[in-house]
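As provided, input.pdb (PDB, C-alpha atoms) reads as follows.
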ATOM      1  CA  MET X 976      20.291  25.236 -44.438  1.00  0.00           C
ATOM      2  CA  LYS X 977      20.853  22.578 -47.114  1.00  0.00           C
ATOM      3  CA  LYS X 978      24.613  22.563 -46.513  1.00  0.00           C
ATOM      4  CA  THR X 979      24.095  22.271 -42.739  1.00  0.00           C
ATOM      5  CA  PHE X 980      21.717  19.330 -43.204  1.00  0.00           C
ATOM      6  CA  LEU X 981      24.109  17.496 -45.530  1.00  0.00           C
ATOM      7  CA  LEU X 982      27.032  18.082 -43.167  1.00  0.00           C
ATOM      8  CA  ALA X 983      24.999  16.790 -40.208  1.00  0.00           C
ATOM      9  CA  LEU X 984      23.993  13.708 -42.231  1.00  0.00           C
ATOM     10  CA  THR X 985      27.634  13.065 -43.109  1.00  0.00           C
ATOM     11  CA  VAL X 986      28.665  13.234 -39.445  1.00  0.00           C
ATOM     12  CA  LEU X 987      25.798  10.904 -38.472  1.00  0.00           C
ATOM     13  CA  LEU X 988      26.752   8.296 -41.083  1.00  0.00           C
ATOM     14  CA  ALA X 989      30.418   8.529 -40.127  1.00  0.00           C
ATOM     15  CA  GLY X 990      29.631   8.075 -36.446  1.00  0.00           C
ATOM     16  CA  TYR X 991      27.435   5.074 -37.182  1.00  0.00           C
ATOM     17  CA  SER X 992      30.082   3.462 -39.388  1.00  0.00           C
ATOM     18  CA  PHE X 993      32.757   3.789 -36.715  1.00  0.00           C
ATOM     19  CA  GLY X 994      30.433   2.000 -34.286  1.00  0.00           C
ATOM     20  CA  GLN X 995      30.163  -1.111 -36.452  1.00  0.00           C
ATOM     21  CA  LYS X 996      32.130  -4.187 -35.516  1.00  0.00           C
ATOM     22  CA  SER X 997      34.106  -6.435 -37.825  1.00  0.00           C
ATOM     23  CA  THR X 998      32.766  -9.892 -38.636  1.00  0.00           C
ATOM     24  CA  GLY X 999      36.068 -11.282 -37.407  1.00  0.00           C
ATOM     25  CA  ASN X1000      36.243 -13.734 -40.323  1.00  0.00           C
ATOM     26  CA  LYS X1001      39.239 -12.843 -42.484  1.00  0.00           C
ATOM     27  CA  SER X1002      38.189 -15.259 -45.241  1.00  0.00           C
ATOM     28  CA  ASN X1003      34.768 -13.688 -45.558  1.00  0.00           C
ATOM     29  CA  VAL X1004      34.442 -11.568 -48.702  1.00  0.00           C
ATOM     30  CA  PHE X1005      32.216  -9.216 -46.696  1.00  0.00           C
ATOM     31  CA  ASN X1006      34.682  -8.696 -43.878  1.00  0.00           C
ATOM     32  CA  ASN X1007      34.965  -5.037 -42.844  1.00  0.00           C
ATOM     33  CA  ALA X1008      38.179  -3.795 -44.418  1.00  0.00           C
ATOM     34  CA  MET X1009      40.289  -0.681 -44.752  1.00  0.00           C
ATOM     35  CA  TYR X1010      41.292   0.352 -48.266  1.00  0.00           C
ATOM     36  CA  VAL X1011      43.856   2.581 -49.923  1.00  0.00           C
ATOM     37  CA  HIS X1012      43.607   3.611 -53.556  1.00  0.00           C
ATOM     38  CA  VAL X1013      44.918   6.082 -56.099  1.00  0.00           C
ATOM     39  CA  GLY X1014      43.100   7.374 -59.151  1.00  0.00           C
ATOM     40  CA  TYR X1015      43.445   9.322 -62.379  1.00  0.00           C
ATOM     41  CA  GLY X1016      40.810  11.993 -62.939  1.00  0.00           C
ATOM     42  CA  PHE X1017      39.097  13.388 -66.025  1.00  0.00           C
ATOM     43  CA  PRO X1018      37.618  16.794 -65.044  1.00  0.00           C
ATOM     44  CA  GLY X1019      34.843  18.359 -67.103  1.00  0.00           C
ATOM     45  CA  GLY X1020      31.934  20.755 -66.777  1.00  0.00           C
ATOM     46  CA  ASP X1021      31.582  24.498 -67.308  1.00  0.00           C
ATOM     47  CA  LEU X1022      35.141  25.308 -66.292  1.00  0.00           C
ATOM     48  CA  LYS X1023      36.492  22.996 -68.969  1.00  0.00           C
ATOM     49  CA  SER X1024      34.555  24.831 -71.667  1.00  0.00           C
ATOM     50  CA  GLU X1025      36.455  28.029 -70.858  1.00  0.00           C
ATOM     51  CA  ASN X1026      39.802  26.830 -69.504  1.00  0.00           C
ATOM     52  CA  GLU X1027      40.533  23.287 -70.572  1.00  0.00           C
ATOM     53  CA  LEU X1028      40.943  20.974 -67.580  1.00  0.00           C
ATOM     54  CA  THR X1029      43.334  18.304 -68.740  1.00  0.00           C
ATOM     55  CA  ALA X1030      44.151  15.942 -65.862  1.00  0.00           C
ATOM     56  CA  GLY X1031      43.582  15.075 -62.225  1.00  0.00           C
ATOM     57  CA  ALA X1032      44.857  12.695 -59.532  1.00  0.00           C
ATOM     58  CA  GLN X1033      43.321  11.314 -56.348  1.00  0.00           C
ATOM     59  CA  PHE X1034      44.499   9.549 -53.167  1.00  0.00           C
ATOM     60  CA  GLU X1035      42.098   8.061 -50.612  1.00  0.00           C
ATOM     61  CA  VAL X1036      42.076   6.005 -47.406  1.00  0.00           C
ATOM     62  CA  GLY X1037      38.865   4.584 -45.974  1.00  0.00           C
ATOM     63  CA  SER X1038      36.871   1.584 -44.752  1.00  0.00           C
ATOM     64  CA  ARG X1039      33.670  -0.313 -45.497  1.00  0.00           C
ATOM     65  CA  PHE X1040      31.468  -1.291 -42.570  1.00  0.00           C
ATOM     66  CA  TYR X1041      28.707  -3.843 -43.156  1.00  0.00           C
ATOM     67  CA  ILE X1042      25.401  -3.851 -41.271  1.00  0.00           C
ATOM     68  CA  ASN X1043      25.288  -7.534 -40.348  1.00  0.00           C
ATOM     69  CA  SER X1044      21.982  -7.279 -38.480  1.00  0.00           C
ATOM     70  CA  LEU X1045      20.033  -6.893 -41.742  1.00  0.00           C
ATOM     71  CA  ALA X1046      18.413 -10.053 -43.118  1.00  0.00           C
ATOM     72  CA  LEU X1047      19.576 -10.055 -46.742  1.00  0.00           C
ATOM     73  CA  PRO X1048      20.403 -12.791 -49.271  1.00  0.00           C
ATOM     74  CA  GLU X1049      23.709 -14.526 -48.553  1.00  0.00           C
ATOM     75  CA  LYS X1050      25.568 -12.888 -51.442  1.00  0.00           C
ATOM     76  CA  LEU X1051      24.271  -9.367 -50.784  1.00  0.00           C
ATOM     77  CA  LYS X1052      25.323  -6.883 -48.100  1.00  0.00           C
ATOM     78  CA  LEU X1053      24.411  -3.305 -47.214  1.00  0.00           C
ATOM     79  CA  GLY X1054      26.999  -1.165 -45.495  1.00  0.00           C
ATOM     80  CA  ILE X1055      28.567   2.246 -45.083  1.00  0.00           C
ATOM     81  CA  ASP X1056      31.618   3.376 -47.043  1.00  0.00           C
ATOM     82  CA  ALA X1057      33.621   5.934 -45.037  1.00  0.00           C
ATOM     83  CA  THR X1058      36.611   7.655 -46.644  1.00  0.00           C
ATOM     84  CA  TYR X1059      38.689   9.210 -43.848  1.00  0.00           C
ATOM     85  CA  LEU X1060      40.939  11.163 -46.204  1.00  0.00           C
ATOM     86  CA  SER X1061      40.346  12.169 -49.808  1.00  0.00           C
ATOM     87  CA  ILE X1062      42.912  14.390 -51.553  1.00  0.00           C
ATOM     88  CA  SER X1063      42.768  15.362 -55.209  1.00  0.00           C
ATOM     89  CA  GLY X1064      44.547  17.723 -57.553  1.00  0.00           C
ATOM     90  CA  MET X1065      43.623  19.029 -61.003  1.00  0.00           C
ATOM     91  CA  VAL X1066      45.668  20.792 -63.658  1.00  0.00           C
ATOM     92  CA  ASN X1067      43.989  23.293 -65.953  1.00  0.00           C
ATOM     93  CA  LYS X1068      45.746  24.266 -69.193  1.00  0.00           C
ATOM     94  CA  ASP X1069      44.674  27.811 -70.030  1.00  0.00           C
ATOM     95  CA  SER X1070      43.175  27.772 -73.531  1.00  0.00           C
ATOM     96  CA  LEU X1071      42.460  31.497 -73.514  1.00  0.00           C
ATOM     97  CA  LYS X1072      46.115  32.428 -73.892  1.00  0.00           C
ATOM     98  CA  ASN X1073      48.848  30.971 -76.035  1.00  0.00           C
ATOM     99  CA  ASN X1074      51.445  30.989 -73.272  1.00  0.00           C
ATOM    100  CA  ASN X1075      51.280  27.415 -71.933  1.00  0.00           C
ATOM    101  CA  GLN X1076      50.074  28.736 -68.574  1.00  0.00           C
ATOM    102  CA  THR X1077      48.469  26.161 -66.281  1.00  0.00           C
ATOM    103  CA  ASN X1078      46.171  26.628 -63.308  1.00  0.00           C
ATOM    104  CA  SER X1079      45.916  24.116 -60.471  1.00  0.00           C
ATOM    105  CA  TYR X1080      43.104  23.228 -58.070  1.00  0.00           C
ATOM    106  CA  PHE X1081      43.092  20.966 -55.007  1.00  0.00           C
ATOM    107  CA  THR X1082      40.480  19.372 -52.748  1.00  0.00           C
ATOM    108  CA  ALA X1083      40.898  17.820 -49.297  1.00  0.00           C
ATOM    109  CA  GLY X1084      38.085  16.274 -47.287  1.00  0.00           C
ATOM    110  CA  VAL X1085      36.129  13.147 -46.354  1.00  0.00           C
ATOM    111  CA  LYS X1086      33.392  11.044 -47.949  1.00  0.00           C
ATOM    112  CA  VAL X1087      30.711   8.879 -46.361  1.00  0.00           C
ATOM    113  CA  GLY X1088      27.551   7.156 -47.524  1.00  0.00           C
ATOM    114  CA  PRO X1089      25.777   3.839 -48.129  1.00  0.00           C
ATOM    115  CA  CYS X1090      27.192   1.020 -50.248  1.00  0.00           C
ATOM    116  CA  VAL X1091      25.722  -2.206 -51.588  1.00  0.00           C
ATOM    117  CA  SER X1092      28.034  -5.175 -52.188  1.00  0.00           C
ATOM    118  CA  TYR X1093      27.311  -8.298 -54.203  1.00  0.00           C
ATOM    119  CA  ASN X1094      29.462 -11.443 -54.264  1.00  0.00           C
ATOM    120  CA  PHE X1095      28.897 -12.433 -57.890  1.00  0.00           C
ATOM    121  CA  ALA X1096      31.545 -15.211 -58.199  1.00  0.00           C
ATOM    122  CA  GLY X1097      34.058 -16.856 -55.861  1.00  0.00           C
ATOM    123  CA  GLN X1098      36.056 -14.091 -54.153  1.00  0.00           C
ATOM    124  CA  TRP X1099      34.824 -11.466 -56.622  1.00  0.00           C
ATOM    125  CA  VAL X1100      32.688  -8.665 -55.178  1.00  0.00           C
ATOM    126  CA  ALA X1101      31.044  -5.637 -56.803  1.00  0.00           C
ATOM    127  CA  ASP X1102      30.341  -2.522 -54.724  1.00  0.00           C
ATOM    128  CA  VAL X1103      28.032   0.352 -55.641  1.00  0.00           C
ATOM    129  CA  PHE X1104      28.167   3.456 -53.456  1.00  0.00           C
ATOM    130  CA  PHE X1105      26.840   6.983 -53.037  1.00  0.00           C
ATOM    131  CA  LYS X1106      28.675   9.337 -50.680  1.00  0.00           C
ATOM    132  CA  LEU X1107      28.478  12.921 -49.491  1.00  0.00           C
ATOM    133  CA  HIS X1108      31.793  14.724 -49.883  1.00  0.00           C
ATOM    134  CA  PRO X1109      32.470  17.651 -47.488  1.00  0.00           C
ATOM    135  CA  HIS X1110      35.793  19.170 -48.542  1.00  0.00           C
ATOM    136  CA  TYR X1111      37.914  22.262 -48.888  1.00  0.00           C
ATOM    137  CA  PHE X1112      38.504  23.599 -52.398  1.00  0.00           C
ATOM    138  CA  ILE X1113      41.886  25.289 -52.742  1.00  0.00           C
ATOM    139  CA  THR X1114      43.337  27.084 -55.754  1.00  0.00           C
ATOM    140  CA  GLY X1115      47.006  26.874 -56.590  1.00  0.00           C
ATOM    141  CA  GLU X1116      48.469  28.874 -59.477  1.00  0.00           C
ATOM    142  CA  HIS X1117      45.873  31.110 -61.079  1.00  0.00           C
ATOM    143  CA  ASP X1118      45.662  34.114 -63.359  1.00  0.00           C
ATOM    144  CA  ALA X1119      43.687  37.350 -63.233  1.00  0.00           C
ATOM    145  CA  ILE X1120      40.704  35.886 -65.110  1.00  0.00           C
ATOM    146  CA  TYR X1121      39.485  33.082 -62.806  1.00  0.00           C
ATOM    147  CA  ASN X1122      40.067  33.474 -59.064  1.00  0.00           C
ATOM    148  CA  ALA X1123      38.611  31.428 -56.221  1.00  0.00           C
ATOM    149  CA  ALA X1124      39.203  31.717 -52.498  1.00  0.00           C
ATOM    150  CA  THR X1125      39.570  28.621 -50.307  1.00  0.00           C
ATOM    151  CA  GLN X1126      36.034  27.430 -49.597  1.00  0.00           C
ATOM    152  CA  LEU X1127      34.220  24.613 -47.803  1.00  0.00           C
ATOM    153  CA  LYS X1128      31.815  22.755 -50.080  1.00  0.00           C
ATOM    154  CA  ILE X1129      29.711  19.593 -49.952  1.00  0.00           C
ATOM    155  CA  GLY X1130      29.808  17.563 -53.149  1.00  0.00           C
ATOM    156  CA  THR X1131      28.588  14.095 -54.097  1.00  0.00           C
ATOM    157  CA  SER X1132      30.332  10.891 -55.106  1.00  0.00           C
ATOM    158  CA  LEU X1133      28.732   8.028 -57.048  1.00  0.00           C
ATOM    159  CA  GLY X1134      30.621   4.983 -58.248  1.00  0.00           C
ATOM    160  CA  PHE X1135      31.408   1.286 -58.174  1.00  0.00           C
ATOM    161  CA  ASN X1136      34.301  -1.072 -57.373  1.00  0.00           C
ATOM    162  CA  ILE X1137      35.192  -4.539 -58.572  1.00  0.00           C
ATOM    163  CA  ARG X1138      37.430  -6.345 -56.091  1.00  0.00           C
ATOM    164  CA  CYS X1139      38.976  -9.742 -55.556  1.00  0.00           C
ATOM    165  CA  LYS X1140      40.739 -10.461 -52.278  1.00  0.00           C
ATOM    166  CA  ALA X1141      43.219  -7.595 -51.741  1.00  0.00           C
ATOM    167  CA  LEU X1142      42.975  -5.967 -55.174  1.00  0.00           C
ATOM    168  CA  MET X1143      40.368  -3.428 -56.253  1.00  0.00           C
ATOM    169  CA  ILE X1144      39.607  -1.321 -59.327  1.00  0.00           C
ATOM    170  CA  GLY X1145      36.900   1.294 -59.512  1.00  0.00           C
ATOM    171  CA  CYS X1146      35.184   4.139 -61.308  1.00  0.00           C
ATOM    172  CA  GLU X1147      33.779   7.186 -59.520  1.00  0.00           C
ATOM    173  CA  PHE X1148      31.908  10.345 -60.507  1.00  0.00           C
ATOM    174  CA  THR X1149      32.256  13.341 -58.200  1.00  0.00           C
ATOM    175  CA  SER X1150      30.569  16.708 -58.542  1.00  0.00           C
ATOM    176  CA  ALA X1151      30.448  20.025 -56.677  1.00  0.00           C
ATOM    177  CA  LYS X1152      29.950  23.732 -57.390  1.00  0.00           C
ATOM    178  CA  TYR X1153      32.606  26.342 -56.559  1.00  0.00           C
ATOM    179  CA  ASP X1154      32.459  30.127 -56.330  1.00  0.00           C
ATOM    180  CA  PHE X1155      34.736  31.967 -58.781  1.00  0.00           C
ATOM    181  CA  ASP X1156      35.392  35.656 -59.359  1.00  0.00           C
ATOM    182  CA  ILE X1157      35.764  36.225 -63.113  1.00  0.00           C
ATOM    183  CA  THR X1158      37.589  39.330 -64.322  1.00  0.00           C
ATOM    184  CA  THR X1159      36.895  40.429 -67.897  1.00  0.00           C
ATOM    185  CA  ASN X1160      37.886  43.402 -70.000  1.00  0.00           C
ATOM    186  CA  THR X1161      34.910  45.517 -71.025  1.00  0.00           C
ATOM    187  CA  GLN X1162      36.098  46.893 -74.351  1.00  0.00           C
ATOM    188  CA  ALA X1163      33.422  49.559 -74.547  1.00  0.00           C
ATOM    189  CA  ARG X1164      34.714  51.238 -71.405  1.00  0.00           C
ATOM    190  CA  ALA X1165      38.272  49.824 -71.462  1.00  0.00           C
ATOM    191  CA  LEU X1166      37.828  48.759 -67.845  1.00  0.00           C
ATOM    192  CA  LEU X1167      38.237  45.501 -65.946  1.00  0.00           C
ATOM    193  CA  GLU X1168      34.960  44.138 -64.625  1.00  0.00           C
ATOM    194  CA  THR X1169      34.671  41.371 -62.019  1.00  0.00           C
ATOM    195  CA  THR X1170      31.636  39.128 -61.719  1.00  0.00           C
ATOM    196  CA  SER X1171      30.937  36.148 -59.454  1.00  0.00           C
ATOM    197  CA  LYS X1172      29.839  32.798 -60.793  1.00  0.00           C
ATOM    198  CA  SER X1173      29.144  29.370 -59.332  1.00  0.00           C
ATOM    199  CA  ILE X1174      30.891  26.818 -61.569  1.00  0.00           C
ATOM    200  CA  LYS X1175      30.106  23.091 -61.487  1.00  0.00           C
ATOM    201  CA  LEU X1176      33.117  20.796 -61.663  1.00  0.00           C
ATOM    202  CA  PRO X1177      32.289  17.111 -62.322  1.00  0.00           C
ATOM    203  CA  VAL X1178      35.171  14.646 -62.371  1.00  0.00           C
ATOM    204  CA  MET X1179      35.349  11.009 -63.451  1.00  0.00           C
ATOM    205  CA  VAL X1180      38.050   9.039 -61.607  1.00  0.00           C
ATOM    206  CA  LEU X1181      39.462   5.629 -62.549  1.00  0.00           C
ATOM    207  CA  SER X1182      41.167   4.056 -59.543  1.00  0.00           C
ATOM    208  CA  ILE X1183      43.199   1.062 -58.424  1.00  0.00           C
ATOM    209  CA  GLY X1184      43.789   0.057 -54.836  1.00  0.00           C
ATOM    210  CA  VAL X1185      44.241  -2.557 -52.143  1.00  0.00           C
ATOM    211  CA  ASN X1186      42.098  -3.801 -49.278  1.00  0.00           C
ATOM    212  CA  LEU X1187      44.130  -4.033 -46.062  1.00  0.00           C
TER     213      LEU X1187
END
Take the structure from the file and write it as structure tokens.
Amino acid sequence: MKKTFLLALTVLLAGYSFGQKSTGNKSNVFNNAMYVHVGYGFPGGDLKSENELTAGAQFEVGSRFYINSLALPEKLKLGIDATYLSISGMVNKDSLKNNNQTNSYFTAGVKVGPCVSYNFAGQWVADVFFKLHPHYFITGEHDAIYNAATQLKIGTSLGFNIRCKALMIGCEFTSAKYDFDITTNTQARALLETTSKSIKLPVMVLSIGVNL
């Protein structure tokens, strides 16, 4: 039920954002704009404590749509940040074995949620956002210890951007839980035993991009 509600809310916000119109003023720092950015990720969480996640990368395309009908101070705007495509990849160096084996994980989905923008100086704008992140979680190379099937999950994204004209830098924190099957060797019985576990995977992403 919770996943269905969050997915419905995501669709509602996305539909509303697509219905917004641009201000039509290209010199306005709050003009609705499409963005493209790439990021470097620092995965963490429970999975890192067992198999050390070492690096991640992210590519996104999206737009910000401002709600111009709201009566807010001149330098402040409320809007919706809609990411049409979010793709990420993570590399996991296996610390349980001394064989330099790496595991890889991928996500592909969308993000949408509210954002608040503040024009703090000249053309400089700071954005703070919170987005829901429906996405598919896909495993690449993996071993017999941690296995995960492709699964649809809804995570969260919280972060901020600092932008000036076409350039933008940002920091984002994403988080979601994924279902893994963990195979261990029970020494007492000399048998392999598989258990299921939901593992949280938070990621911090530093990004750089352009506003189109």
Original post:
By how many Å are CA of Thr1077 (chain X) and CA of Lys1152 (chain X) apart?
Top reply: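 For CA of Thr1077 (chain X) relative to CA of Lys1152 (chain X), the distance reads 20.7 Å.
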Subject >> Selection result of the PyMOL selection byres ((chain X and resi 1031) around 12) on this file, as JSON, numbers by chain >> reply: {"X": [1013, 1014, 1015, 1016, 1017, 1018, 1019, 1028, 1029, 1030, 1032, 1033, 1034, 1062, 1063, 1064, 1065, 1066, 1067, 1068, 1078, 1079, 1080, 1081, 1082, 1176, 1177, 1178, 1179, 1180, 1181, 1182]}
Subject >> Nearest residue to Pro1089 (chain X) from the set X:Phe1148, X:Tyr1153, X:Phe1135, X:Tyr1121 (distances using all atoms listed in the file) >> reply: X:Phe1135
Subject >> Expected answer as a list in words: all residues with atoms within 8 Å of (32.7, 26.9, -55.2), only C-alpha atoms >> reply: Phe1112, Ala1123, Gln1126, Leu1127, Lys1128, Ala1151, Lys1152, Tyr1153, Asp1154, Phe1155, Ser1173, Ile1174 and Lys1175 of chain X
**OP:** To one decimal in Å, tell me the separation between CA of Leu1051 (chain X) and CA of Tyr1093 (chain X).
**Re:**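 So the answer is 4.7 Å.
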